[in-house]
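As stored in entry_23.pdb (PDB, C-alpha atoms and all ligand atoms):
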ATOM      1  CA  MET A   1     313.411 138.215  69.948  1.00  0.00           C
ATOM      2  CA  ARG A   2     314.705 138.611  73.467  1.00  0.00           C
ATOM      3  CA  ALA A   3     313.793 136.959  76.730  1.00  0.00           C
ATOM      4  CA  LEU A   4     314.785 138.297  80.127  1.00  0.00           C
ATOM      5  CA  LEU A   5     315.172 135.841  83.007  1.00  0.00           C
ATOM      6  CA  LEU A   6     315.231 137.295  86.514  1.00  0.00           C
ATOM      7  CA  ASN A   7     316.387 134.762  89.067  1.00  0.00           C
ATOM      8  CA  CYS A   8     315.582 135.935  92.579  1.00  0.00           C
ATOM      9  CA  SER A   9     316.355 132.755  94.478  1.00  0.00           C
ATOM     10  CA  PRO A  10     319.290 132.667  96.898  1.00  0.00           C
ATOM     11  CA  HIS A  11     319.701 129.052  95.743  1.00  0.00           C
ATOM     12  CA  GLY A  12     320.814 130.343  92.347  1.00  0.00           C
ATOM     13  CA  LYS A  13     320.847 127.695  89.634  1.00  0.00           C
ATOM     14  CA  GLN A  14     319.987 125.002  92.241  1.00  0.00           C
ATOM     15  CA  SER A  15     316.558 126.547  92.759  1.00  0.00           C
ATOM     16  CA  HIS A  16     313.786 124.262  91.488  1.00  0.00           C
ATOM     17  CA  GLY A  17     312.012 127.283  90.095  1.00  0.00           C
ATOM     18  CA  TYR A  18     315.146 128.353  88.247  1.00  0.00           C
ATOM     19  CA  ARG A  19     315.483 124.926  86.644  1.00  0.00           C
ATOM     20  CA  LEU A  20     311.889 125.055  85.467  1.00  0.00           C
ATOM     21  CA  ALA A  21     312.395 128.598  84.219  1.00  0.00           C
ATOM     22  CA  ALA A  22     315.399 127.385  82.230  1.00  0.00           C
ATOM     23  CA  GLU A  23     313.251 124.579  80.776  1.00  0.00           C
ATOM     24  CA  ALA A  24     310.544 127.070  79.803  1.00  0.00           C
ATOM     25  CA  ILE A  25     313.105 129.288  78.104  1.00  0.00           C
ATOM     26  CA  ALA A  26     314.693 126.336  76.305  1.00  0.00           C
ATOM     27  CA  THR A  27     311.237 125.529  74.919  1.00  0.00           C
ATOM     28  CA  LEU A  28     310.888 129.111  73.834  1.00  0.00           C
ATOM     29  CA  VAL A  29     314.267 129.058  72.095  1.00  0.00           C
ATOM     30  CA  GLN A  30     313.542 125.727  70.362  1.00  0.00           C
ATOM     31  CA  SER A  31     310.110 126.868  69.318  1.00  0.00           C
ATOM     32  CA  SER A  32     311.609 129.902  67.607  1.00  0.00           C
ATOM     33  CA  GLY A  33     312.842 127.281  65.055  1.00  0.00           C
ATOM     34  CA  SER A  34     312.959 128.931  61.666  1.00  0.00           C
ATOM     35  CA  GLY A  35     311.618 132.171  63.148  1.00  0.00           C
ATOM     36  CA  PRO A  36     313.767 134.975  64.558  1.00  0.00           C
ATOM     37  CA  ALA A  37     316.539 133.802  66.912  1.00  0.00           C
ATOM     38  CA  CYS A  38     315.769 134.102  70.608  1.00  0.00           C
ATOM     39  CA  GLU A  39     318.405 135.836  72.729  1.00  0.00           C
ATOM     40  CA  VAL A  40     318.245 135.263  76.485  1.00  0.00           C
ATOM     41  CA  LEU A  41     319.497 137.766  79.037  1.00  0.00           C
ATOM     42  CA  GLU A  42     319.798 136.472  82.574  1.00  0.00           C
ATOM     43  CA  ARG A  43     319.993 138.506  85.748  1.00  0.00           C
ATOM     44  CA  ASP A  44     320.677 136.848  89.103  1.00  0.00           C
ATOM     45  CA  LEU A  45     319.215 139.402  91.471  1.00  0.00           C
ATOM     46  CA  ALA A  46     320.109 137.368  94.574  1.00  0.00           C
ATOM     47  CA  ALA A  47     323.786 136.796  93.695  1.00  0.00           C
ATOM     48  CA  GLU A  48     324.257 140.304  92.334  1.00  0.00           C
ATOM     49  CA  PRO A  49     321.868 142.495  94.335  1.00  0.00           C
ATOM     50  CA  LEU A  50     320.826 145.867  93.020  1.00  0.00           C
ATOM     51  CA  PRO A  51     321.812 148.969  94.984  1.00  0.00           C
ATOM     52  CA  PRO A  52     319.232 149.947  97.583  1.00  0.00           C
ATOM     53  CA  ILE A  53     316.903 152.861  97.053  1.00  0.00           C
ATOM     54  CA  ASP A  54     318.840 155.663  98.703  1.00  0.00           C
ATOM     55  CA  ARG A  55     318.089 159.224  99.733  1.00  0.00           C
ATOM     56  CA  GLY A  56     319.162 160.681  96.378  1.00  0.00           C
ATOM     57  CA  TYR A  57     316.832 158.395  94.454  1.00  0.00           C
ATOM     58  CA  ALA A  58     313.924 159.052  96.798  1.00  0.00           C
ATOM     59  CA  ALA A  59     314.513 162.813  96.619  1.00  0.00           C
ATOM     60  CA  ALA A  60     314.736 162.780  92.818  1.00  0.00           C
ATOM     61  CA  ILE A  61     311.480 160.845  92.514  1.00  0.00           C
ATOM     62  CA  THR A  62     309.548 163.178  94.776  1.00  0.00           C
ATOM     63  CA  SER A  63     311.095 166.398  93.436  1.00  0.00           C
ATOM     64  CA  HIS A  64     310.256 165.619  89.777  1.00  0.00           C
ATOM     65  CA  ALA A  65     313.953 165.646  88.849  1.00  0.00           C
ATOM     66  CA  SER A  66     314.930 163.921  85.629  1.00  0.00           C
ATOM     67  CA  ASP A  67     318.127 163.097  83.748  1.00  0.00           C
ATOM     68  CA  THR A  68     319.994 162.645  86.931  1.00  0.00           C
ATOM     69  CA  ALA A  69     322.671 160.070  87.679  1.00  0.00           C
ATOM     70  CA  VAL A  70     320.624 158.651  90.529  1.00  0.00           C
ATOM     71  CA  PHE A  71     318.435 157.003  87.890  1.00  0.00           C
ATOM     72  CA  ASP A  72     321.310 155.191  86.155  1.00  0.00           C
ATOM     73  CA  TRP A  73     320.450 151.779  87.594  1.00  0.00           C
ATOM     74  CA  SER A  74     316.747 152.333  87.205  1.00  0.00           C
ATOM     75  CA  GLU A  75     317.235 153.402  83.595  1.00  0.00           C
ATOM     76  CA  GLN A  76     319.417 150.406  82.779  1.00  0.00           C
ATOM     77  CA  LEU A  77     316.847 147.974  84.184  1.00  0.00           C
ATOM     78  CA  ILE A  78     313.963 149.692  82.445  1.00  0.00           C
ATOM     79  CA  VAL A  79     315.733 149.696  79.060  1.00  0.00           C
ATOM     80  CA  GLU A  80     316.549 146.010  79.591  1.00  0.00           C
ATOM     81  CA  LEU A  81     312.864 145.356  80.149  1.00  0.00           C
ATOM     82  CA  GLU A  82     311.790 147.526  77.225  1.00  0.00           C
ATOM     83  CA  GLN A  83     314.030 145.488  74.909  1.00  0.00           C
ATOM     84  CA  THR A  84     312.473 142.242  76.116  1.00  0.00           C
ATOM     85  CA  ASP A  85     309.766 140.327  74.257  1.00  0.00           C
ATOM     86  CA  ALA A  86     309.187 137.779  77.009  1.00  0.00           C
ATOM     87  CA  LEU A  87     309.850 138.049  80.729  1.00  0.00           C
ATOM     88  CA  VAL A  88     310.481 135.085  83.038  1.00  0.00           C
ATOM     89  CA  ILE A  89     310.789 135.605  86.798  1.00  0.00           C
ATOM     90  CA  ASN A  90     311.771 132.982  89.348  1.00  0.00           C
ATOM     91  CA  THR A  91     311.075 134.100  92.896  1.00  0.00           C
ATOM     92  CA  PRO A  92     310.824 132.276  96.179  1.00  0.00           C
ATOM     93  CA  MET A  93     308.056 133.193  98.572  1.00  0.00           C
ATOM     94  CA  HIS A  94     309.782 134.963 101.452  1.00  0.00           C
ATOM     95  CA  ASN A  95     307.514 135.786 104.356  1.00  0.00           C
ATOM     96  CA  PHE A  96     304.337 135.596 102.264  1.00  0.00           C
ATOM     97  CA  THR A  97     305.552 137.813  99.438  1.00  0.00           C
ATOM     98  CA  VAL A  98     308.301 138.330  96.844  1.00  0.00           C
ATOM     99  CA  SER A  99     311.986 138.090  97.764  1.00  0.00           C
ATOM    100  CA  ALA A 100     313.670 141.315  98.846  1.00  0.00           C
ATOM    101  CA  SER A 101     315.865 141.153  95.719  1.00  0.00           C
ATOM    102  CA  LEU A 102     312.800 141.185  93.462  1.00  0.00           C
ATOM    103  CA  LYS A 103     311.191 143.962  95.494  1.00  0.00           C
ATOM    104  CA  LEU A 104     314.280 146.073  94.846  1.00  0.00           C
ATOM    105  CA  TRP A 105     314.029 145.418  91.095  1.00  0.00           C
ATOM    106  CA  ILE A 106     310.390 146.532  91.312  1.00  0.00           C
ATOM    107  CA  ASP A 107     311.399 149.697  93.175  1.00  0.00           C
ATOM    108  CA  HIS A 108     313.887 150.560  90.408  1.00  0.00           C
ATOM    109  CA  VAL A 109     311.562 149.705  87.526  1.00  0.00           C
ATOM    110  CA  LEU A 110     308.261 151.194  88.693  1.00  0.00           C
ATOM    111  CA  ARG A 111     309.238 154.828  88.204  1.00  0.00           C
ATOM    112  CA  ILE A 112     306.702 157.607  88.032  1.00  0.00           C
ATOM    113  CA  ARG A 113     306.726 159.588  84.740  1.00  0.00           C
ATOM    114  CA  ARG A 114     308.969 156.921  83.194  1.00  0.00           C
ATOM    115  CA  THR A 115     307.230 153.531  83.380  1.00  0.00           C
ATOM    116  CA  PHE A 116     303.870 154.696  84.694  1.00  0.00           C
ATOM    117  CA  ALA A 117     301.904 157.925  84.779  1.00  0.00           C
ATOM    118  CA  ALA A 118     299.817 159.119  87.698  1.00  0.00           C
ATOM    119  CA  THR A 119     296.464 160.214  86.339  1.00  0.00           C
ATOM    120  CA  PRO A 120     293.224 161.297  88.070  1.00  0.00           C
ATOM    121  CA  GLU A 121     291.961 157.775  87.316  1.00  0.00           C
ATOM    122  CA  GLY A 122     295.005 156.131  88.883  1.00  0.00           C
ATOM    123  CA  LYS A 123     298.363 154.848  87.669  1.00  0.00           C
ATOM    124  CA  VAL A 124     298.668 154.037  83.974  1.00  0.00           C
ATOM    125  CA  GLY A 125     301.433 151.819  82.604  1.00  0.00           C
ATOM    126  CA  LEU A 126     303.719 153.294  79.940  1.00  0.00           C
ATOM    127  CA  LEU A 127     305.432 150.084  78.794  1.00  0.00           C
ATOM    128  CA  ARG A 128     304.018 147.686  76.234  1.00  0.00           C
ATOM    129  CA  ASP A 129     302.616 144.424  77.479  1.00  0.00           C
ATOM    130  CA  ARG A 130     304.687 141.254  76.974  1.00  0.00           C
ATOM    131  CA  PRO A 131     304.148 137.591  77.882  1.00  0.00           C
ATOM    132  CA  THR A 132     305.436 136.990  81.382  1.00  0.00           C
ATOM    133  CA  LEU A 133     305.894 133.750  83.287  1.00  0.00           C
ATOM    134  CA  VAL A 134     306.451 133.851  87.044  1.00  0.00           C
ATOM    135  CA  LEU A 135     307.670 130.771  88.907  1.00  0.00           C
ATOM    136  CA  VAL A 136     307.011 130.900  92.624  1.00  0.00           C
ATOM    137  CA  GLY A 137     308.808 128.499  94.960  1.00  0.00           C
ATOM    138  CA  SER A 138     307.449 128.111  98.485  1.00  0.00           C
ATOM    139  CA  GLY A 139     308.262 125.892 101.426  1.00  0.00           C
ATOM    140  CA  GLY A 140     304.599 125.434 102.319  1.00  0.00           C
ATOM    141  CA  PHE A 141     301.248 125.906 100.588  1.00  0.00           C
ATOM    142  CA  HIS A 142     299.546 129.240  99.933  1.00  0.00           C
ATOM    143  CA  SER A 143     297.071 128.152  97.281  1.00  0.00           C
ATOM    144  CA  GLY A 144     294.577 125.299  97.052  1.00  0.00           C
ATOM    145  CA  GLU A 145     293.099 123.022  99.700  1.00  0.00           C
ATOM    146  CA  ARG A 146     296.357 122.661 101.628  1.00  0.00           C
ATOM    147  CA  ALA A 147     296.934 126.421 101.941  1.00  0.00           C
ATOM    148  CA  ARG A 148     297.697 127.407 105.529  1.00  0.00           C
ATOM    149  CA  GLN A 149     299.150 130.868 104.957  1.00  0.00           C
ATOM    150  CA  PRO A 150     298.169 134.027 103.103  1.00  0.00           C
ATOM    151  CA  ASP A 151     299.506 134.800  99.627  1.00  0.00           C
ATOM    152  CA  PHE A 152     300.567 138.420  99.302  1.00  0.00           C
ATOM    153  CA  LEU A 153     302.947 137.456  96.505  1.00  0.00           C
ATOM    154  CA  THR A 154     300.857 136.712  93.441  1.00  0.00           C
ATOM    155  CA  PRO A 155     298.322 139.576  93.798  1.00  0.00           C
ATOM    156  CA  TYR A 156     301.108 142.019  94.629  1.00  0.00           C
ATOM    157  CA  LEU A 157     303.366 141.029  91.743  1.00  0.00           C
ATOM    158  CA  ARG A 158     300.453 140.965  89.287  1.00  0.00           C
ATOM    159  CA  HIS A 159     299.526 144.474  90.400  1.00  0.00           C
ATOM    160  CA  ALA A 160     303.116 145.773  90.300  1.00  0.00           C
ATOM    161  CA  LEU A 161     303.730 144.455  86.775  1.00  0.00           C
ATOM    162  CA  GLY A 162     300.305 145.693  85.688  1.00  0.00           C
ATOM    163  CA  CYS A 163     301.224 149.141  86.966  1.00  0.00           C
ATOM    164  CA  VAL A 164     303.820 149.502  84.185  1.00  0.00           C
ATOM    165  CA  GLY A 165     301.580 147.877  81.552  1.00  0.00           C
ATOM    166  CA  ILE A 166     302.548 144.203  81.809  1.00  0.00           C
ATOM    167  CA  SER A 167     299.274 142.327  82.198  1.00  0.00           C
ATOM    168  CA  SER A 168     299.912 139.039  80.336  1.00  0.00           C
ATOM    169  CA  VAL A 169     301.240 137.311  83.426  1.00  0.00           C
ATOM    170  CA  GLN A 170     301.085 133.560  84.130  1.00  0.00           C
ATOM    171  CA  PHE A 171     302.024 132.176  87.540  1.00  0.00           C
ATOM    172  CA  LEU A 172     303.439 128.713  88.047  1.00  0.00           C
ATOM    173  CA  LEU A 173     303.433 127.608  91.690  1.00  0.00           C
ATOM    174  CA  LEU A 174     305.958 125.200  93.159  1.00  0.00           C
ATOM    175  CA  GLN A 175     304.543 124.552  96.598  1.00  0.00           C
ATOM    176  CA  GLY A 176     305.701 122.393  99.507  1.00  0.00           C
ATOM    177  CA  LEU A 177     309.388 122.553  98.593  1.00  0.00           C
ATOM    178  CA  THR A 178     310.584 122.129 102.192  1.00  0.00           C
ATOM    179  CA  LEU A 179     308.351 119.132 102.895  1.00  0.00           C
ATOM    180  CA  GLY A 180     310.676 116.406 101.653  1.00  0.00           C
ATOM    181  CA  ASP A 181     311.665 114.693  98.428  1.00  0.00           C
ATOM    182  CA  ASP A 182     308.209 113.304  97.644  1.00  0.00           C
ATOM    183  CA  ALA A 183     306.649 116.749  98.048  1.00  0.00           C
ATOM    184  CA  VAL A 184     309.291 118.274  95.772  1.00  0.00           C
ATOM    185  CA  ALA A 185     308.749 115.580  93.152  1.00  0.00           C
ATOM    186  CA  ALA A 186     304.979 116.153  93.306  1.00  0.00           C
ATOM    187  CA  ALA A 187     305.417 119.925  92.981  1.00  0.00           C
ATOM    188  CA  LEU A 188     307.672 119.508  89.961  1.00  0.00           C
ATOM    189  CA  THR A 189     305.290 117.071  88.260  1.00  0.00           C
ATOM    190  CA  THR A 190     302.348 119.420  88.753  1.00  0.00           C
ATOM    191  CA  ALA A 191     304.365 122.422  87.599  1.00  0.00           C
ATOM    192  CA  ARG A 192     305.676 120.668  84.461  1.00  0.00           C
ATOM    193  CA  ARG A 193     302.132 119.632  83.551  1.00  0.00           C
ATOM    194  CA  GLU A 194     300.984 123.240  83.966  1.00  0.00           C
ATOM    195  CA  LEU A 195     303.951 124.498  81.986  1.00  0.00           C
ATOM    196  CA  ALA A 196     303.137 122.182  79.090  1.00  0.00           C
ATOM    197  CA  ARG A 197     299.531 123.407  79.209  1.00  0.00           C
ATOM    198  CA  PHE A 198     300.222 127.112  78.995  1.00  0.00           C
ATOM    199  CA  ALA A 199     303.743 127.303  77.535  1.00  0.00           C
ATOM    200  CA  ARG A 200     301.913 127.586  74.240  1.00  0.00           C
ATOM    201  CA  ILE A 201     300.203 130.809  75.321  1.00  0.00           C
ATOM    202  CA  PRO A 202     303.258 133.031  75.890  1.00  0.00           C
ATOM    203  CA  ARG A 203     304.976 131.476  72.881  1.00  0.00           C
ATOM    204  CA  MET A 204     302.070 132.382  70.634  1.00  0.00           C
ATOM    205  CA  ALA A 205     301.896 135.877  72.058  1.00  0.00           C
ATOM    206  CA  LEU A 206     305.622 136.198  71.551  1.00  0.00           C
ATOM    207  CA  PHE A 207     305.337 135.241  67.906  1.00  0.00           C
ATOM    208  CA  ASP A 208     302.457 137.667  67.467  1.00  0.00           C
ATOM    209  CA  ALA A 209     304.650 140.433  68.904  1.00  0.00           C
ATOM    210  CA  ALA A 210     307.559 139.476  66.647  1.00  0.00           C
ATOM    211  CA  THR A 211     305.323 139.403  63.583  1.00  0.00           C
ATOM    212  CA  ARG A 212     303.951 142.832  64.381  1.00  0.00           C
ATOM    213  CA  ALA A 213     307.486 144.176  64.826  1.00  0.00           C
ATOM    214  CA  THR A 214     308.642 143.000  61.370  1.00  0.00           C
TER
HETATM  215  C1  LIG A 301     313.653 134.205 104.594  1.00  0.00           C
HETATM  216  C2  LIG A 301     312.754 133.113 104.129  1.00  0.00           C
HETATM  217  C3  LIG A 301     311.387 133.291 104.234  1.00  0.00           C
HETATM  218  C4  LIG A 301     310.521 132.299 103.790  1.00  0.00           C
HETATM  219  N1  LIG A 301     309.181 132.523 103.868  1.00  0.00           N
HETATM  220  C5  LIG A 301     308.325 131.559 103.428  1.00  0.00           C
HETATM  221  C6  LIG A 301     306.923 131.789 103.455  1.00  0.00           C
HETATM  222  O1  LIG A 301     306.429 132.821 103.852  1.00  0.00           O
HETATM  223  N2  LIG A 301     306.119 130.806 103.009  1.00  0.00           N
HETATM  224  C7  LIG A 301     306.606 129.615 102.529  1.00  0.00           C
HETATM  225  O2  LIG A 301     305.822 128.764 102.124  1.00  0.00           O
HETATM  226  N3  LIG A 301     307.937 129.387 102.462  1.00  0.00           N
HETATM  227  C8  LIG A 301     308.809 130.327 102.893  1.00  0.00           C
HETATM  228  N4  LIG A 301     310.163 130.118 102.815  1.00  0.00           N
HETATM  229  C9  LIG A 301     310.663 128.869 102.185  1.00  0.00           C
HETATM  230  C10 LIG A 301     311.029 129.102 100.717  1.00  0.00           C
HETATM  231  O3  LIG A 301     309.959 129.693 100.020  1.00  0.00           O
HETATM  232  C11 LIG A 301     311.395 127.771 100.095  1.00  0.00           C
HETATM  233  O4  LIG A 301     312.636 127.383 100.646  1.00  0.00           O
HETATM  234  C12 LIG A 301     311.469 127.748  98.580  1.00  0.00           C
HETATM  235  O5  LIG A 301     311.954 126.489  98.207  1.00  0.00           O
HETATM  236  C13 LIG A 301     312.379 128.757  98.012  1.00  0.00           C
HETATM  237  O6  LIG A 301     312.472 128.583  96.620  1.00  0.00           O
HETATM  238  P1  LIG A 301     313.884 128.480  95.917  1.00  0.00           P
HETATM  239  O7  LIG A 301     314.384 127.093  96.172  1.00  0.00           O
HETATM  240  O8  LIG A 301     313.597 128.745  94.478  1.00  0.00           O
HETATM  241  O9  LIG A 301     314.762 129.519  96.522  1.00  0.00           O
HETATM  242  C14 LIG A 301     311.041 131.088 103.255  1.00  0.00           C
HETATM  243  C15 LIG A 301     312.429 130.920 103.151  1.00  0.00           C
HETATM  244  C16 LIG A 301     313.270 131.913 103.582  1.00  0.00           C
HETATM  245  C17 LIG A 301     314.753 131.709 103.449  1.00  0.00           C
END

Starting from the file, give its structure as structure tokens.
Amino acid sequence: MRALLLNCSPHGKQSHGYRLAAEAIATLVQSSGSGPACEVLERDLAAEPLPPIDRGYAAAITSHASDTAVFDWSEQLIVELEQTDALVINTPMHNFTVSASLKLWIDHVLRIRRTFAATPEGKVGLLRDRPTLVLVGSGGFHSGERARQPDFLTPYLRHALGCVGISSVQFLLLQGLTLGDDAVAAALTTARRELARFARIPRMALFDAATRAT
């Protein structure tokens, strides 16, 4: 079994979301117990940014070219995802949506004729579904009674992942992270409670996937 952790926070391992993501993955690894070992691959997309989408990539996408070197990065990231049984993403909210580093990963991974097909009915994902946990850190509130800003992050990311076939997505919100220590403590308490509630869901799905594979 393999888990892929994408850390998109410029705070790196100091990010609250990253720490919770690490806790979630530790639970996953422990819970594998006597089952198949769980290997974790980590990618820090903020510290090691992906190359931007350049003219060659854009031209290759729109000219139906394939097997070209411009897709090397895209291919590597897609294969990494294909080999993953569980996906964990930690992203801050940056200007109401995902971080630029995560957007770039999305631009490399959502590739027409490779990870999704364009059909008369719309885009159809070509990857298999896998349990996915997304931790979202935000300075203010974008969900619930205290929300004072729009949330273009969660609907967008759900749609983008769904486009390639990943629909088993759980979001864990860490809100109010710039509002002082008490607010951070409250966000972490709420998030840990949520994590305990649904950590079971991806784990079970993961085991189901592993059982089917054997
Ligand atoms: C460029 C930038 C844009 C941001 N935009 C928002 C925003 O739109 N809404 C919000 O609530 N917080 C925003 N923040 C605050 C971050 O979401 C907050 O610092 C959060 O803790 C980041 O999570 P992290 O610690 O995991 O990086 C922004 C921060 C930066 C640096």

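Residues matched by the PyMOL selection byres (((not hetatm)) within 6 of (chain A and resi 301)) in this structure: Ser9, Pro10, His11, Ser15, His16, Gly17, Pro92, Met93, His94, Asn95, Phe96, Gly137, Ser138, Gly139, Gly140, Phe141, Leu177 and Thr178 of chain A.
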
Using 4 Å of padding on each side, determine the axis-aligned box around all atoms of range 67-72 of chain A present in the file and give its centre and edge lengths in Å to one decimal, as JSON.
{"center_x": 320.4, "center_y": 159.1, "center_z": 87.1, "size_x": 12.5, "size_y": 15.9, "size_z": 14.8}

key: Residue nearest Leu174 in chain A - candidates A:Ile78, A:Leu126, A:Val134, A:Ala58, atoms counted: only C-alpha atoms   = A:Val134

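Minimum atom-to-atom distance to Gln149 in chain A, evaluated using all atoms listed in the file, belongs to A:Thr97 out of A:Pro36, A:Asp181, A:Pro120, A:Thr97.
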
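Using all atoms listed in the file, the residues found no farther than 10 Å from Leu41 in chain A, other than those of its own chain fewer than 5 positions away, are Arg2, Ala3, Leu4, Leu5, Leu6, Glu80, Thr84 and Leu87 of chain A.
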
query = Distance CA of Thr91 in chain A-CA of Trp105 in chain A, one decimal place?
reply = 11.8 Å

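When all atoms listed in the file are used to compute distances to Ala100 in chain A, the closest of the residues A:Gly144, A:Pro51, A:Pro131, A:Gly56 turns out to be A:Pro51.
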
Got a sec: who's within 7 Å of Leu173 in chain A, counting only C-alpha atoms, leaving out chain neighbours fewer than 6 positions off, as a PDB file with C-alpha atoms, in the coordinates of the input?
ATOM      1  CA  LEU A 135     307.670 130.771  88.907  1.00  0.00           C
ATOM      2  CA  VAL A 136     307.011 130.900  92.624  1.00  0.00           C
ATOM      3  CA  GLY A 137     308.808 128.499  94.960  1.00  0.00           C
ATOM      4  CA  ALA A 191     304.365 122.422  87.599  1.00  0.00           C
TER       5      ALA A 191
END

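Shortest atom-to-atom contact with Val124 in chain A among A:Val109, A:Asp151, A:Lys103, A:Gly165: A:Gly165, counting all atoms listed in the file.
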